[in-house]
Amino acid sequence: MITEERDELIERAARSLAVLPPANHAVVMGIVQAARAHRRARPSLVTQFTGWMRAPSLSVASATMLAAATLVIGFVSGGSFNGAATAAADRGGVIRGGTTLIPAADAGADSRSVAVPMLLDAPSAKSVAVVGDFNDWDPTATPMQRFGGDGPWTVTMMAKPGRHLYAFMVDGVLTADPRAPKTKDVDYGGEASVLMVTKP
Amino acid sequence: MNEIDPSIPLRARAGDEKAFIEIVEFYYPRCLRFARNMLGSEQDAEEAVQDAFTRVYDSFPRFREDARFDPWLFRILANRCRTSMARSRRHRSMIEYGEVAALSAAAAPEEEFGADWAEEVRVVLETLPAEQREAFLLRHVEDLSYEDIAAVTGAGLSALRMRVKRACDTLRARLEKVER
């Protein structure tokens, strides 16, 4: 058992770091207005698309449809594939971790962003989410949905062109994508996967 | 710990714009303090705080009625800081000297502690691994309970206690040298 240690030296160090910056009403209102403007500019297509993918009535058979759709999406992207993991609809219905990229057709102010369908085969998992620098590693931001009882976990998310680090949160455990290149997440010591998003 | 009236986040979640302004006014100083201490850069800290509140505003539908607001907010902010660190690392390998001076001038902790000592605390803080710095700041500066820090970081209680202990050990060892 590790006991709490807060001696005089640590107390002083903490107090020197605890000085609060002054509240600034103009800055506060700037933050509020920027938040409002950001909400107005959010893309609408992705919401509809992910909403379709998350529909609870979809059956196992729908996974096949999804896989086929993913192939079409990949074709539309004109080759904008992540170098590691691509949709596996052509592998006898076996879909493992992977991504494909499509252009964001209606992305408003975030028109540079690209819709990225994510897939992961994790048959025994109870919950899976995608975390990465595109969603601030927030495990609640991009939950994945499963098709049928043992289908793949899927979700479509938005990411700007460039290099991103990501991982899957599988039952609360950070797990690198088995099919993508891996790198060290130097800030937090874990293993992350690399996603290259190219311009549509 | 100084928490906001729990009814205010619920009003903001329901679309009350005044409630959101109250939240930003209430938490802005604490959020900026955490981001400054975490990132060591005034500009990065301000951006992280701005982004965090934008995400809060967008994410209110996911804020549960029975949840406490502080851990939820700090989880979003801590994640923004993490993203900012990753981005900054690509552009520079270490904090610029001028920014340390600007931070000290803005917060002026040296009035109470002495400029050298306050700056040494910041310098040591910068050398800590990010996960130790984060845990130390949340526990000893933001005064969150270990349960709340677990909600913020997603780490287990034992791991968090170990991170805080190691951060304290490093700080103590370095600051004792300064004291001599």
# chains A, B, ... in the order shown; residues from 1 in each chain; ligands from 1
call {"tool": "closest_atom_pairs", "arguments": {"of": "chain B", "to": "chain A", "cutoff": "6 Å", "atoms": "only C-alpha atoms", "output": "JSON lines"}}
result
{"residue": "B:Pro29", "atom": "CA", "partner": "A:Pro21", "partner_atom": "CA", "distance": 5.4}
{"residue": "B:Gln50", "atom": "CA", "partner": "A:Ile31", "partner_atom": "CA", "distance": 5.8}
{"residue": "B:Thr54", "atom": "CA", "partner": "A:Ala35", "partner_atom": "CA", "distance": 4.3}
{"residue": "B:Asn79", "atom": "CA", "partner": "A:Asp136", "partner_atom": "CA", "distance": 4.8}
{"residue": "B:Arg80", "atom": "CA", "partner": "A:Asp136", "partner_atom": "CA", "distance": 5.4}
{"residue": "B:Thr83", "atom": "CA", "partner": "A:Asp133", "partner_atom": "CA", "distance": 5.4}
{"residue": "B:Pro109", "atom": "CA", "partner": "A:Ser16", "partner_atom": "CA", "distance": 5.4}
{"residue": "B:Ala130", "atom": "CA", "partner": "A:Asp187", "partner_atom": "CA", "distance": 5.6}
{"residue": "B:Glu131", "atom": "CA", "partner": "A:Tyr188", "partner_atom": "CA", "distance": 5.8}
{"residue": "B:His140", "atom": "CA", "partner": "A:Ala14", "partner_atom": "CA", "distance": 5.9}
{"residue": "B:Val141", "atom": "CA", "partner": "A:Ala14", "partner_atom": "CA", "distance": 5.4}
call {"tool": "select_by_dssp", "arguments": {"residues": "region 7-167 of chain B", "states": "helix (DSSP H, G or I)", "output": "JSON, numbers by chain"}}
result
{"B": [7, 8, 9, 10, 11, 12, 13, 17, 18, 19, 20, 21, 22, 23, 24, 25, 26, 27, 28, 29, 30, 31, 32, 33, 34, 35, 36, 37, 38, 39, 42, 43, 44, 45, 46, 47, 48, 49, 50, 51, 52, 53, 54, 55, 56, 57, 58, 59, 60, 61, 62, 69, 70, 71, 72, 73, 74, 75, 76, 77, 78, 79, 80, 81, 82, 83, 84, 85, 86, 87, 88, 89, 90, 91, 97, 98, 99, 100, 101, 102, 103, 104, 105, 106, 107, 110, 111, 112, 113, 115, 116, 117, 118, 119, 120, 121, 122, 123, 124, 125, 126, 127, 130, 131, 132, 133, 134, 135, 136, 137, 138, 139, 140, 141, 146, 147, 148, 149, 150, 151, 152, 153, 157, 158, 159, 160, 161, 162, 163, 164, 165, 166, 167]}
call {"tool": "residues_around", "arguments": {"residues": "Pro61 (chain B)", "least_positions_apart": "6", "cutoff": "10 Å", "atoms": "only C-alpha atoms", "output": "PDB file with N, CA and C atoms, in the first residue's frame"}}
result
ATOM      1  N   LEU B  10     -26.184  20.925 -15.526  1.00  0.00           N
ATOM      2  CA  LEU B  10     -27.417  20.309 -16.056  1.00  0.00           C
ATOM      3  C   LEU B  10     -28.216  21.317 -16.869  1.00  0.00           C
ATOM      4  N   ALA B  12     -26.848  23.800 -18.467  1.00  0.00           N
ATOM      5  CA  ALA B  12     -26.074  23.977 -19.715  1.00  0.00           C
ATOM      6  C   ALA B  12     -26.350  22.819 -20.665  1.00  0.00           C
ATOM      7  N   ARG B  13     -26.446  21.633 -20.117  1.00  0.00           N
ATOM      8  CA  ARG B  13     -26.731  20.460 -20.948  1.00  0.00           C
ATOM      9  C   ARG B  13     -28.085  20.596 -21.642  1.00  0.00           C
ATOM     10  N   ALA B  14     -29.016  21.247 -20.942  1.00  0.00           N
ATOM     11  CA  ALA B  14     -30.354  21.442 -21.509  1.00  0.00           C
ATOM     12  C   ALA B  14     -30.394  22.603 -22.502  1.00  0.00           C
ATOM     13  N   GLY B  15     -29.251  23.253 -22.711  1.00  0.00           N
ATOM     14  CA  GLY B  15     -29.206  24.314 -23.725  1.00  0.00           C
ATOM     15  C   GLY B  15     -29.207  25.721 -23.178  1.00  0.00           C
TER      16      GLY B  15
END
call {"tool": "closest_residue", "arguments": {"among": "B:Ile76, B:Ala19, B:Val56, B:Arg62", "to": "Ala35 (chain B)", "atoms": "only C-alpha atoms"}}
result
B:Ile76
call {"tool": "residues_around", "arguments": {"residues": "Glu142 (chain B)", "least_positions_apart": "6", "cutoff": "12 Å", "atoms": "only C-alpha atoms", "output": "list in words"}}
result
Ala14, Arg15, Leu17, Ala18, Val19 and Leu20 of chain A; Met1, Asn2, Glu3, Tyr27, Pro29, Arg30, Cys31, Leu32, Arg33, Phe34, Ala35, Asn37, Met38, Asp70, Pro71, Phe74, Glu134, Ala135, Phe136, Asp148 and Ile149 of chain B
call {"tool": "write_last_selection", "arguments": {"atoms": "C-alpha atoms", "output": "PDB file, in the first residue's frame"}}
result
ATOM      1  CA  ALA A  14       2.155  22.555  -4.705  1.00  0.00           C
ATOM      2  CA  ARG A  15       1.281  26.016  -3.411  1.00  0.00           C
ATOM      3  CA  LEU A  17       1.989  25.906  -8.670  1.00  0.00           C
ATOM      4  CA  ALA A  18      -1.495  26.623  -7.336  1.00  0.00           C
ATOM      5  CA  VAL A  19      -1.525  30.356  -7.981  1.00  0.00           C
ATOM      6  CA  LEU A  20      -4.630  31.007 -10.054  1.00  0.00           C
TER       7      LEU A  20
ATOM      8  CA  MET B   1     -12.366  21.348  -3.460  1.00  0.00           C
ATOM      9  CA  ASN B   2     -14.332  24.200  -4.955  1.00  0.00           C
ATOM     10  CA  GLU B   3     -17.030  22.724  -7.209  1.00  0.00           C
ATOM     11  CA  TYR B  27     -13.530  27.017 -14.271  1.00  0.00           C
ATOM     12  CA  PRO B  29      -8.736  30.046 -14.006  1.00  0.00           C
ATOM     13  CA  ARG B  30      -8.400  26.475 -12.737  1.00  0.00           C
ATOM     14  CA  CYS B  31      -8.314  25.020 -16.226  1.00  0.00           C
ATOM     15  CA  LEU B  32      -5.680  27.522 -17.368  1.00  0.00           C
ATOM     16  CA  ARG B  33      -3.614  26.789 -14.264  1.00  0.00           C
ATOM     17  CA  PHE B  34      -3.690  23.053 -14.912  1.00  0.00           C
ATOM     18  CA  ALA B  35      -2.887  23.459 -18.610  1.00  0.00           C
ATOM     19  CA  ASN B  37       1.476  23.524 -15.334  1.00  0.00           C
ATOM     20  CA  MET B  38       0.984  20.563 -17.623  1.00  0.00           C
ATOM     21  CA  ASP B  70     -15.309  18.306 -12.228  1.00  0.00           C
ATOM     22  CA  PRO B  71     -13.869  14.901 -13.241  1.00  0.00           C
ATOM     23  CA  PHE B  74     -10.783  17.638 -16.271  1.00  0.00           C
ATOM     24  CA  GLU B 134      -0.516  14.879 -14.602  1.00  0.00           C
ATOM     25  CA  ALA B 135      -1.182  12.747 -11.512  1.00  0.00           C
ATOM     26  CA  PHE B 136       0.804  15.065  -9.228  1.00  0.00           C
ATOM     27  CA  ASP B 148     -11.699  11.412  -9.334  1.00  0.00           C
ATOM     28  CA  ILE B 149      -8.206  11.222 -10.835  1.00  0.00           C
TER      29      ILE B 149
END
call {"tool": "residues_around", "arguments": {"residues": "Glu65 (chain B)", "least_positions_apart": "2", "cutoff": "9 Å", "atoms": "only C-alpha atoms", "output": "PyMOL selection string"}}
result
chain B and resi 9-10+63+67-68
call {"tool": "write_last_selection", "arguments": {"atoms": "N, CA and C atoms", "output": "short mmCIF file (atom, residue, chain, number, x, y, z; two decimals), in the first residue's frame"}}
result
data_model
loop_
_atom_site.label_atom_id
_atom_site.label_comp_id
_atom_site.auth_asym_id
_atom_site.auth_seq_id
_atom_site.Cartn_x
_atom_site.Cartn_y
_atom_site.Cartn_z
N PRO B 9 -24.27 22.73 -14.61
CA PRO B 9 -23.98 21.89 -15.79
C PRO B 9 -25.23 21.24 -16.38
N LEU B 10 -26.18 20.93 -15.53
CA LEU B 10 -27.42 20.31 -16.06
C LEU B 10 -28.22 21.32 -16.87
N PHE B 63 -23.03 14.12 -21.22
CA PHE B 63 -22.79 14.30 -19.79
C PHE B 63 -23.98 13.71 -19.02
N ALA B 67 -23.64 12.30 -13.01
CA ALA B 67 -22.17 12.39 -12.95
C ALA B 67 -21.75 13.71 -12.32
N ARG B 68 -20.55 13.72 -11.73
CA ARG B 68 -20.01 14.97 -11.22
C ARG B 68 -19.28 15.67 -12.34
#
call {"tool": "residues_around", "arguments": {"residues": "Leu171 (chain B)", "least_positions_apart": "4", "cutoff": "10 Å", "atoms": "only C-alpha atoms", "output": "NGL selection string"}}
result
(:A and (9-10 or 13)) or (:B and (120-125 or 127-128 or 165-167 or 175-176))
call {"tool": "write_last_selection", "arguments": {"atoms": "C-alpha atoms", "output": "PDB file, in the first residue's frame"}}
result
ATOM      1  CA  LEU A   9       8.512  20.700   0.793  1.00  0.00           C
ATOM      2  CA  ILE A  10       5.823  19.136  -1.388  1.00  0.00           C
ATOM      3  CA  ALA A  13       5.879  23.176  -4.268  1.00  0.00           C
TER       4      ALA A  13
ATOM      5  CA  GLU B 120      13.044  25.368  -9.995  1.00  0.00           C
ATOM      6  CA  VAL B 121       9.677  23.792  -9.162  1.00  0.00           C
ATOM      7  CA  ARG B 122       8.559  24.430 -12.725  1.00  0.00           C
ATOM      8  CA  VAL B 123      11.775  23.109 -14.187  1.00  0.00           C
ATOM      9  CA  VAL B 124      11.549  19.895 -12.154  1.00  0.00           C
ATOM     10  CA  LEU B 125       7.894  19.561 -13.072  1.00  0.00           C
ATOM     11  CA  THR B 127      11.308  16.904 -16.346  1.00  0.00           C
ATOM     12  CA  LEU B 128       8.706  14.538 -14.898  1.00  0.00           C
ATOM     13  CA  LYS B 165       4.731   9.045  -5.134  1.00  0.00           C
ATOM     14  CA  ARG B 166       7.396   9.005  -7.822  1.00  0.00           C
ATOM     15  CA  ALA B 167       6.648  12.611  -8.741  1.00  0.00           C
ATOM     16  CA  LEU B 175      14.179  20.797  -4.278  1.00  0.00           C
ATOM     17  CA  GLU B 176      16.168  19.705  -1.244  1.00  0.00           C
TER      18      GLU B 176
END
call {"tool": "atom_distance", "arguments": {"atom1": "CA of Gln145 (chain A)", "atom2": "CA of Ala122 (chain A)"}}
result
11.3 Å
call {"tool": "residues_around", "arguments": {"residues": "Ala48 (chain B)", "least_positions_apart": "4", "cutoff": "8 Å", "atoms": "only C-alpha atoms", "output": "ChimeraX atom specification"}}
result
/B:35,44,52,77,80-81,84
call {"tool": "write_last_selection", "arguments": {"atoms": "N, CA and C atoms", "output": "mmCIF file, in the first residue's frame"}}
result
data_model
loop_
_atom_site.group_PDB
_atom_site.id
_atom_site.type_symbol
_atom_site.label_atom_id
_atom_site.label_comp_id
_atom_site.auth_asym_id
_atom_site.auth_seq_id
_atom_site.Cartn_x
_atom_site.Cartn_y
_atom_site.Cartn_z
ATOM 1 N N ALA B 35 -3.498 23.570 -17.274
ATOM 2 C CA ALA B 35 -2.887 23.459 -18.610
ATOM 3 C C ALA B 35 -1.504 24.092 -18.640
ATOM 4 N N ASP B 44 0.172 27.384 -25.637
ATOM 5 C CA ASP B 44 -0.403 26.030 -25.737
ATOM 6 C C ASP B 44 -1.497 25.831 -24.698
ATOM 7 N N ALA B 52 -10.794 22.632 -24.947
ATOM 8 C CA ALA B 52 -11.512 21.813 -23.961
ATOM 9 C C ALA B 52 -12.931 22.328 -23.756
ATOM 10 N N LEU B 77 -10.076 18.155 -20.480
ATOM 11 C CA LEU B 77 -8.916 19.055 -20.498
ATOM 12 C C LEU B 77 -7.605 18.268 -20.518
ATOM 13 N N ARG B 80 -6.987 17.037 -23.873
ATOM 14 C CA ARG B 80 -6.537 18.106 -24.769
ATOM 15 C C ARG B 80 -5.050 18.401 -24.553
ATOM 16 N N CYS B 81 -4.645 18.380 -23.294
ATOM 17 C CA CYS B 81 -3.226 18.641 -22.987
ATOM 18 C C CYS B 81 -2.356 17.548 -23.590
ATOM 19 N N SER B 84 -2.016 18.224 -27.171
ATOM 20 C CA SER B 84 -1.156 19.387 -27.375
ATOM 21 C C SER B 84 0.314 19.008 -27.202
#
call {"tool": "closest_residue", "arguments": {"among": "B:Cys168, B:Ile4, B:Gln43, B:Arg139", "to": "Phe20 (chain B)", "atoms": "only C-alpha atoms"}}
result
B:Ile4
call {"tool": "closest_residue", "arguments": {"among": "B:Ile21, B:Val178, B:Ala173, B:Ala159", "to": "Ala118 (chain B)", "atoms": "only C-alpha atoms"}}
result
B:Val178
call {"tool": "closest_residue", "arguments": {"among": "B:Leu39, B:Ser145, B:Pro6, B:Ala155", "to": "Ala86 (chain B)", "atoms": "only C-alpha atoms"}}
result
B:Leu39
